[in-house]
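Novice: Sharing a structure below in structure tokens format, with a few things to ask.
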Amino acid sequence: GAVVSQHPSWVICKSGTSVKIECRSLDFQATTMFWYRQFPKQSLMLMATSNEGSKATYEQGVEKDKFLINHASLTLSTLTVTSAHPEDSSFYICSASVRQGNVAFFGQGTRLTVV
Amino acid sequence: KQEVTQIPAALSVPEGENLVLNCSFTDSAIYNLQWFRQDPGKGLTSLLLIQSSQREQTSGRLNASLDKSSGRSTLYIAASQPGDSATYLCASEAAGNKLTFGGGTRVLVKP
């Protein structure tokens with residue numbers, strides 16, 4: 001099956017710094033990728049839809065200036081958590097599908113800890 | 001707004017027993033229903049995808065059914081093994097490729 005690679009798998013940063021997470025589709029082109037956030041023992045919550053070549057679409061309640069998304073190519077989307085705070089500590093996961101209606105492939109996830 | 005619910009939230013069975021995981025959704029206007037497995041601290045692995053026009057899908061020991069009219073899907077895992085211990089998530093896909101996830105069922109299969 002298709003592969004989505006996410007990097008880094010974990011990161012620890014200081015409050016006030018920014019962290020960039022990469023999501024790559026390794027063997028297919030993805031015009032759309034999705035970013036999710038998952039708190040411990042909870043399900044995935046969609047944060048935003050990343051659109052290649054255009055602005056991301058954010059879900060209600062997600063701060064676009066806090067979570068910057070860039071989808072500069074058909075195989076790469078990045079999520080930057082700006083001015084991170086301890087409450088931003090979470091598990092972030094990206095996904096992509098070859099096309100609508102097909103299986104969604106997920107990255108390995110990134111565990112962000114802000115200290 | 002679509003709401004997806006999974007019952008039970010946790011399940012513990014002895015090895016060899018069959019597992020039955022339930023998923024319900026409020027809006028039947030879906031493209032498909034997908035089941036995923038998540039191991040602790042890891043991403044999601046796709047298990048089965050049932051198109052809205054289908055009633056069930058099978059893969060090995062896994063079988064998933066879909067009843068759109070009642071807003072339900074069930075994942076059956078036959079002859080459970082300790083390696084089946086994980087969290088199982090269902091998700092409905094709507095327009096725009098958006099997935100709405102249930103809360104998951106944490107499964108423990110005891111040797």
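Starting from 1 in every chain, residues are counted up; chains themselves are A, B, ... following the order of the structure tokens, and ligands are numbered from 1 as listed.
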Counting only C-alpha atoms, a student should be able to say which residues of chain B come within 12 Å of chain A; what is the right answer, written as a PDB file with N, CA and C atoms, in the first residue's frame?

Specialist:
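File produced: part_27.pdb:
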ATOM      1  N   GLU B   3     -21.445  12.514  13.980  1.00  0.00           N
ATOM      2  CA  GLU B   3     -20.920  12.035  15.257  1.00  0.00           C
ATOM      3  C   GLU B   3     -20.752  10.530  15.159  1.00  0.00           C
ATOM      4  N   VAL B   4     -19.582  10.064  15.554  1.00  0.00           N
ATOM      5  CA  VAL B   4     -19.267   8.644  15.494  1.00  0.00           C
ATOM      6  C   VAL B   4     -18.981   8.142  16.906  1.00  0.00           C
ATOM      7  N   THR B   5     -19.636   7.063  17.272  1.00  0.00           N
ATOM      8  CA  THR B   5     -19.518   6.528  18.626  1.00  0.00           C
ATOM      9  C   THR B   5     -19.086   5.072  18.561  1.00  0.00           C
ATOM     10  N   GLN B   6     -18.179   4.691  19.450  1.00  0.00           N
ATOM     11  CA  GLN B   6     -17.744   3.310  19.509  1.00  0.00           C
ATOM     12  C   GLN B   6     -18.010   2.728  20.894  1.00  0.00           C
ATOM     13  N   ALA B   9     -15.794   1.046  25.093  1.00  0.00           N
ATOM     14  CA  ALA B   9     -14.566   1.829  25.054  1.00  0.00           C
ATOM     15  C   ALA B   9     -13.355   0.942  25.296  1.00  0.00           C
ATOM     16  N   ALA B  10     -13.563  -0.150  26.027  1.00  0.00           N
ATOM     17  CA  ALA B  10     -12.480  -1.083  26.307  1.00  0.00           C
ATOM     18  C   ALA B  10     -13.042  -2.482  26.377  1.00  0.00           C
ATOM     19  N   ILE B  30     -22.576   9.074   3.843  1.00  0.00           N
ATOM     20  CA  ILE B  30     -21.134   8.842   3.905  1.00  0.00           C
ATOM     21  C   ILE B  30     -20.651   8.232   2.597  1.00  0.00           C
ATOM     22  N   TYR B  31     -19.370   8.440   2.301  1.00  0.00           N
ATOM     23  CA  TYR B  31     -18.764   7.771   1.155  1.00  0.00           C
ATOM     24  C   TYR B  31     -18.350   6.354   1.518  1.00  0.00           C
ATOM     25  N   ASN B  32     -17.809   6.225   2.703  1.00  0.00           N
ATOM     26  CA  ASN B  32     -17.372   4.913   3.167  1.00  0.00           C
ATOM     27  C   ASN B  32     -17.187   4.929   4.669  1.00  0.00           C
ATOM     28  N   LEU B  33     -16.937   3.748   5.196  1.00  0.00           N
ATOM     29  CA  LEU B  33     -16.672   3.574   6.612  1.00  0.00           C
ATOM     30  C   LEU B  33     -15.355   2.801   6.697  1.00  0.00           C
ATOM     31  N   GLN B  34     -14.408   3.343   7.477  1.00  0.00           N
ATOM     32  CA  GLN B  34     -13.096   2.704   7.546  1.00  0.00           C
ATOM     33  C   GLN B  34     -12.786   2.263   8.970  1.00  0.00           C
ATOM     34  N   TRP B  35     -12.096   1.154   9.083  1.00  0.00           N
ATOM     35  CA  TRP B  35     -11.617   0.658  10.364  1.00  0.00           C
ATOM     36  C   TRP B  35     -10.098   0.707  10.380  1.00  0.00           C
ATOM     37  N   PHE B  36      -9.567   1.181  11.510  1.00  0.00           N
ATOM     38  CA  PHE B  36      -8.122   1.308  11.672  1.00  0.00           C
ATOM     39  C   PHE B  36      -7.695   0.643  12.974  1.00  0.00           C
ATOM     40  N   ARG B  37      -6.423   0.308  12.998  1.00  0.00           N
ATOM     41  CA  ARG B  37      -5.797  -0.187  14.220  1.00  0.00           C
ATOM     42  C   ARG B  37      -4.712   0.814  14.625  1.00  0.00           C
ATOM     43  N   GLN B  38      -4.624   1.089  15.925  1.00  0.00           N
ATOM     44  CA  GLN B  38      -3.562   1.964  16.424  1.00  0.00           C
ATOM     45  C   GLN B  38      -2.876   1.304  17.605  1.00  0.00           C
ATOM     46  N   ASP B  39      -1.574   1.108  17.482  1.00  0.00           N
ATOM     47  CA  ASP B  39      -0.775   0.619  18.599  1.00  0.00           C
ATOM     48  C   ASP B  39      -0.301   1.821  19.409  1.00  0.00           C
ATOM     49  N   PRO B  40      -0.012   1.630  20.699  1.00  0.00           N
ATOM     50  CA  PRO B  40       0.345   2.771  21.563  1.00  0.00           C
ATOM     51  C   PRO B  40       1.478   3.616  20.991  1.00  0.00           C
ATOM     52  N   GLY B  41       1.254   4.916  20.915  1.00  0.00           N
ATOM     53  CA  GLY B  41       2.281   5.832  20.440  1.00  0.00           C
ATOM     54  C   GLY B  41       2.582   5.753  18.964  1.00  0.00           C
ATOM     55  N   LYS B  42       1.724   5.088  18.210  1.00  0.00           N
ATOM     56  CA  LYS B  42       1.969   4.914  16.774  1.00  0.00           C
ATOM     57  C   LYS B  42       0.870   5.550  15.953  1.00  0.00           C
ATOM     58  N   GLY B  43       1.096   5.569  14.643  1.00  0.00           N
ATOM     59  CA  GLY B  43       0.067   6.055  13.733  1.00  0.00           C
ATOM     60  C   GLY B  43      -1.001   4.999  13.526  1.00  0.00           C
ATOM     61  N   LEU B  44      -1.836   5.223  12.534  1.00  0.00           N
ATOM     62  CA  LEU B  44      -2.949   4.316  12.265  1.00  0.00           C
ATOM     63  C   LEU B  44      -2.643   3.409  11.087  1.00  0.00           C
ATOM     64  N   THR B  45      -3.091   2.167  11.207  1.00  0.00           N
ATOM     65  CA  THR B  45      -2.972   1.205  10.121  1.00  0.00           C
ATOM     66  C   THR B  45      -4.366   0.875   9.628  1.00  0.00           C
ATOM     67  N   SER B  46      -4.575   1.009   8.329  1.00  0.00           N
ATOM     68  CA  SER B  46      -5.884   0.714   7.763  1.00  0.00           C
ATOM     69  C   SER B  46      -6.148  -0.791   7.785  1.00  0.00           C
ATOM     70  N   LEU B  47      -7.350  -1.154   8.234  1.00  0.00           N
ATOM     71  CA  LEU B  47      -7.742  -2.564   8.277  1.00  0.00           C
ATOM     72  C   LEU B  47      -8.721  -2.898   7.147  1.00  0.00           C
ATOM     73  N   LEU B  48      -9.817  -2.186   7.131  1.00  0.00           N
ATOM     74  CA  LEU B  48     -10.865  -2.451   6.140  1.00  0.00           C
ATOM     75  C   LEU B  48     -11.547  -1.148   5.763  1.00  0.00           C
ATOM     76  N   LEU B  49     -11.981  -1.066   4.511  1.00  0.00           N
ATOM     77  CA  LEU B  49     -12.773   0.060   4.031  1.00  0.00           C
ATOM     78  C   LEU B  49     -14.021  -0.505   3.391  1.00  0.00           C
ATOM     79  N   ILE B  50     -15.177  -0.041   3.835  1.00  0.00           N
ATOM     80  CA  ILE B  50     -16.443  -0.481   3.253  1.00  0.00           C
ATOM     81  C   ILE B  50     -17.057   0.706   2.528  1.00  0.00           C
ATOM     82  N   GLN B  51     -17.253   0.569   1.230  1.00  0.00           N
ATOM     83  CA  GLN B  51     -17.893   1.634   0.462  1.00  0.00           C
ATOM     84  C   GLN B  51     -19.359   1.733   0.891  1.00  0.00           C
ATOM     85  N   SER B  52     -19.957   2.876   0.677  1.00  0.00           N
ATOM     86  CA  SER B  52     -21.330   3.100   1.128  1.00  0.00           C
ATOM     87  C   SER B  52     -22.314   2.146   0.458  1.00  0.00           C
ATOM     88  N   SER B  53     -21.949   1.640  -0.722  1.00  0.00           N
ATOM     89  CA  SER B  53     -22.838   0.732  -1.446  1.00  0.00           C
ATOM     90  C   SER B  53     -22.646  -0.734  -1.037  1.00  0.00           C
ATOM     91  N   ALA B  86      -4.742  -3.833  20.820  1.00  0.00           N
ATOM     92  CA  ALA B  86      -4.505  -2.501  20.233  1.00  0.00           C
ATOM     93  C   ALA B  86      -5.780  -1.700  20.429  1.00  0.00           C
ATOM     94  N   THR B  87      -5.757  -0.467  19.946  1.00  0.00           N
ATOM     95  CA  THR B  87      -6.979   0.344  19.901  1.00  0.00           C
ATOM     96  C   THR B  87      -7.514   0.320  18.483  1.00  0.00           C
ATOM     97  N   TYR B  88      -8.794   0.066  18.357  1.00  0.00           N
ATOM     98  CA  TYR B  88      -9.433  -0.008  17.044  1.00  0.00           C
ATOM     99  C   TYR B  88     -10.340   1.204  16.876  1.00  0.00           C
ATOM    100  N   LEU B  89     -10.158   1.896  15.777  1.00  0.00           N
ATOM    101  CA  LEU B  89     -10.900   3.123  15.495  1.00  0.00           C
ATOM    102  C   LEU B  89     -11.715   2.949  14.220  1.00  0.00           C
ATOM    103  N   CYS B  90     -12.946   3.421  14.265  1.00  0.00           N
ATOM    104  CA  CYS B  90     -13.720   3.495  13.032  1.00  0.00           C
ATOM    105  C   CYS B  90     -13.839   4.960  12.641  1.00  0.00           C
ATOM    106  N   ALA B  91     -14.024   5.200  11.357  1.00  0.00           N
ATOM    107  CA  ALA B  91     -14.136   6.565  10.867  1.00  0.00           C
ATOM    108  C   ALA B  91     -15.031   6.575   9.639  1.00  0.00           C
ATOM    109  N   SER B  92     -15.898   7.562   9.555  1.00  0.00           N
ATOM    110  CA  SER B  92     -16.728   7.725   8.372  1.00  0.00           C
ATOM    111  C   SER B  92     -16.114   8.805   7.490  1.00  0.00           C
ATOM    112  N   GLU B  93     -16.161   8.588   6.184  1.00  0.00           N
ATOM    113  CA  GLU B  93     -15.628   9.581   5.259  1.00  0.00           C
ATOM    114  C   GLU B  93     -16.779  10.328   4.606  1.00  0.00           C
ATOM    115  N   ALA B  94     -16.674  11.653   4.636  1.00  0.00           N
ATOM    116  CA  ALA B  94     -17.683  12.508   4.013  1.00  0.00           C
ATOM    117  C   ALA B  94     -17.041  13.263   2.858  1.00  0.00           C
ATOM    118  N   ALA B  95     -17.781  14.186   2.294  1.00  0.00           N
ATOM    119  CA  ALA B  95     -17.268  14.974   1.178  1.00  0.00           C
ATOM    120  C   ALA B  95     -15.970  15.658   1.560  1.00  0.00           C
ATOM    121  N   GLY B  96     -15.067  15.749   0.591  1.00  0.00           N
ATOM    122  CA  GLY B  96     -13.791  16.396   0.837  1.00  0.00           C
ATOM    123  C   GLY B  96     -12.783  15.502   1.516  1.00  0.00           C
ATOM    124  N   ASN B  97     -13.019  14.201   1.495  1.00  0.00           N
ATOM    125  CA  ASN B  97     -12.082  13.244   2.083  1.00  0.00           C
ATOM    126  C   ASN B  97     -11.997  13.333   3.599  1.00  0.00           C
ATOM    127  N   LYS B  98     -12.884  14.078   4.226  1.00  0.00           N
ATOM    128  CA  LYS B  98     -12.769  14.264   5.668  1.00  0.00           C
ATOM    129  C   LYS B  98     -13.230  13.022   6.419  1.00  0.00           C
ATOM    130  N   LEU B  99     -12.415  12.614   7.375  1.00  0.00           N
ATOM    131  CA  LEU B  99     -12.754  11.478   8.224  1.00  0.00           C
ATOM    132  C   LEU B  99     -13.194  11.971   9.592  1.00  0.00           C
ATOM    133  N   THR B 100     -14.283  11.398  10.087  1.00  0.00           N
ATOM    134  CA  THR B 100     -14.728  11.658  11.451  1.00  0.00           C
ATOM    135  C   THR B 100     -14.545  10.371  12.228  1.00  0.00           C
ATOM    136  N   PHE B 101     -13.761  10.448  13.293  1.00  0.00           N
ATOM    137  CA  PHE B 101     -13.393   9.260  14.047  1.00  0.00           C
ATOM    138  C   PHE B 101     -14.280   9.038  15.263  1.00  0.00           C
ATOM    139  N   GLY B 102     -14.442   7.768  15.594  1.00  0.00           N
ATOM    140  CA  GLY B 102     -15.039   7.409  16.866  1.00  0.00           C
ATOM    141  C   GLY B 102     -13.983   7.481  17.952  1.00  0.00           C
ATOM    142  N   GLY B 103     -14.404   7.267  19.185  1.00  0.00           N
ATOM    143  CA  GLY B 103     -13.482   7.366  20.302  1.00  0.00           C
ATOM    144  C   GLY B 103     -12.541   6.180  20.438  1.00  0.00           C
ATOM    145  N   GLY B 104     -12.816   5.111  19.694  1.00  0.00           N
ATOM    146  CA  GLY B 104     -11.942   3.946  19.734  1.00  0.00           C
ATOM    147  C   GLY B 104     -12.363   2.924  20.769  1.00  0.00           C
ATOM    148  N   THR B 105     -11.961   1.685  20.538  1.00  0.00           N
ATOM    149  CA  THR B 105     -12.147   0.599  21.501  1.00  0.00           C
ATOM    150  C   THR B 105     -10.777   0.010  21.795  1.00  0.00           C
ATOM    151  N   ARG B 106     -10.366   0.060  23.057  1.00  0.00           N
ATOM    152  CA  ARG B 106      -9.079  -0.518  23.458  1.00  0.00           C
ATOM    153  C   ARG B 106      -9.282  -1.980  23.751  1.00  0.00           C
TER     154      ARG B 106
END

Novice: Could you pull out the residues in chain A that DSSP calls strand (DSSP E) from the backbone, as number ranges by chain?

Specialist: A: 4-7, 10-13, 19-25, 32-38, 44-51, 57-58, 67-73, 76-81, 90-97, 104-106, 110-114

Novice: Quick one: everything within 7 Å of B:Lys110, counting only C-alpha atoms, minus sequence neighbours fewer than 3 positions away in the same chain. Send it as a ChimeraX atom specification.

Specialist: /B:13-15,82

Novice: So how far away is atom CA of A:Thr113 from atom CA of A:Val11, in Å?

Specialist: 6.3 Å

Novice: Atom CA of B:Ser24 and atom CA of B:Ser80 are how many Å apart?

Specialist: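 So the two atoms, atom CA of B:Ser24 and atom CA of B:Ser80, lie 22.6 Å apart.
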
Novice: Do you have the atom CA of A:Thr78-atom CA of A:Met47 distance handy?

Specialist: 13.0 Å

Novice: I'd like the neighbourhood of A:Pro86 as a PyMOL selection string, where a residue qualifies if any of its atoms comes within 12 Å (using only C-alpha atoms), though same-chain residues fewer than 2 positions away should be ignored.

Specialist: chain A and resi 12-17+81+83-84+88-90+112-115

Novice: Would you mind exporting the chosen residues as a PDB file, in the first residue's frame, restricted to N, CA and C atoms?

Specialist:
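This went into again_34.pdb:
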ATOM      1  N   ILE A  12      10.993  17.361  21.712  1.00  0.00           N
ATOM      2  CA  ILE A  12      10.830  18.103  22.959  1.00  0.00           C
ATOM      3  C   ILE A  12      11.358  19.509  22.713  1.00  0.00           C
ATOM      4  N   CYS A  13      10.564  20.499  23.050  1.00  0.00           N
ATOM      5  CA  CYS A  13      11.015  21.865  22.823  1.00  0.00           C
ATOM      6  C   CYS A  13      10.661  22.738  24.015  1.00  0.00           C
ATOM      7  N   LYS A  14      11.294  23.886  24.072  1.00  0.00           N
ATOM      8  CA  LYS A  14      11.038  24.832  25.155  1.00  0.00           C
ATOM      9  C   LYS A  14       9.856  25.718  24.811  1.00  0.00           C
ATOM     10  N   SER A  15       9.163  26.175  25.822  1.00  0.00           N
ATOM     11  CA  SER A  15       8.047  27.106  25.611  1.00  0.00           C
ATOM     12  C   SER A  15       8.526  28.322  24.843  1.00  0.00           C
ATOM     13  N   GLY A  16       7.717  28.744  23.893  1.00  0.00           N
ATOM     14  CA  GLY A  16       8.048  29.934  23.127  1.00  0.00           C
ATOM     15  C   GLY A  16       8.749  29.654  21.811  1.00  0.00           C
ATOM     16  N   THR A  17       9.250  28.458  21.648  1.00  0.00           N
ATOM     17  CA  THR A  17       9.913  28.118  20.388  1.00  0.00           C
ATOM     18  C   THR A  17       8.900  27.531  19.401  1.00  0.00           C
ATOM     19  N   VAL A  81       4.117  24.434  14.611  1.00  0.00           N
ATOM     20  CA  VAL A  81       3.490  24.902  15.847  1.00  0.00           C
ATOM     21  C   VAL A  81       4.306  26.099  16.313  1.00  0.00           C
ATOM     22  N   SER A  83       5.354  29.429  18.610  1.00  0.00           N
ATOM     23  CA  SER A  83       5.336  29.860  20.007  1.00  0.00           C
ATOM     24  C   SER A  83       4.665  28.793  20.878  1.00  0.00           C
ATOM     25  N   ALA A  84       5.254  27.630  20.869  1.00  0.00           N
ATOM     26  CA  ALA A  84       4.640  26.485  21.540  1.00  0.00           C
ATOM     27  C   ALA A  84       4.528  26.691  23.045  1.00  0.00           C
ATOM     28  N   ASP A  88       0.169  22.744  24.155  1.00  0.00           N
ATOM     29  CA  ASP A  88       0.257  22.246  22.782  1.00  0.00           C
ATOM     30  C   ASP A  88       0.842  20.839  22.735  1.00  0.00           C
ATOM     31  N   SER A  89       1.329  20.363  23.859  1.00  0.00           N
ATOM     32  CA  SER A  89       1.866  19.005  23.920  1.00  0.00           C
ATOM     33  C   SER A  89       0.771  18.021  23.539  1.00  0.00           C
ATOM     34  N   SER A  90       1.074  17.190  22.569  1.00  0.00           N
ATOM     35  CA  SER A  90       0.064  16.266  22.053  1.00  0.00           C
ATOM     36  C   SER A  90       0.715  15.349  21.038  1.00  0.00           C
ATOM     37  N   LEU A 112       4.778  15.568  20.460  1.00  0.00           N
ATOM     38  CA  LEU A 112       5.352  16.870  20.817  1.00  0.00           C
ATOM     39  C   LEU A 112       5.200  17.093  22.313  1.00  0.00           C
ATOM     40  N   THR A 113       6.311  17.389  22.958  1.00  0.00           N
ATOM     41  CA  THR A 113       6.302  17.741  24.373  1.00  0.00           C
ATOM     42  C   THR A 113       6.926  19.114  24.528  1.00  0.00           C
ATOM     43  N   VAL A 114       6.174  20.036  25.084  1.00  0.00           N
ATOM     44  CA  VAL A 114       6.659  21.401  25.291  1.00  0.00           C
ATOM     45  C   VAL A 114       6.929  21.582  26.779  1.00  0.00           C
ATOM     46  N   VAL A 115       8.166  21.949  27.101  1.00  0.00           N
ATOM     47  CA  VAL A 115       8.540  22.075  28.515  1.00  0.00           C
ATOM     48  C   VAL A 115       8.832  23.532  28.879  1.00  0.00           C
TER      49      VAL A 115
END

Novice: Quick one: everything within 9 Å of A:Asp27, counting only C-alpha atoms, minus sequence neighbours fewer than 3 positions away in the same chain. Send it as a compact mmCIF listing (two decimals) with N, CA and C atoms, in the first residue's frame.

Specialist:
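Result saved to out01.txt:
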# COMPACT_ATOMS: atom_id res chain seq x y z
N ALA A 2 0.18 2.37 -0.17
CA ALA A 2 0.87 3.66 -0.19
C ALA A 2 1.48 3.96 1.17
N VAL A 3 2.51 4.79 1.15
CA VAL A 3 3.23 5.09 2.37
C VAL A 3 3.24 6.58 2.62
N VAL A 4 2.92 6.93 3.86
CA VAL A 4 3.02 8.32 4.31
C VAL A 4 4.04 8.35 5.44
N THR A 75 3.84 16.17 -2.61
CA THR A 75 4.26 15.09 -1.74
C THR A 75 4.67 15.56 -0.35

Novice: For a quick check of understanding, using only C-alpha atoms, which of A:Ser77, A:Glu63, A:Val98, A:Glu87 has the smallest distance to A:Lys20?

Specialist: A:Ser77
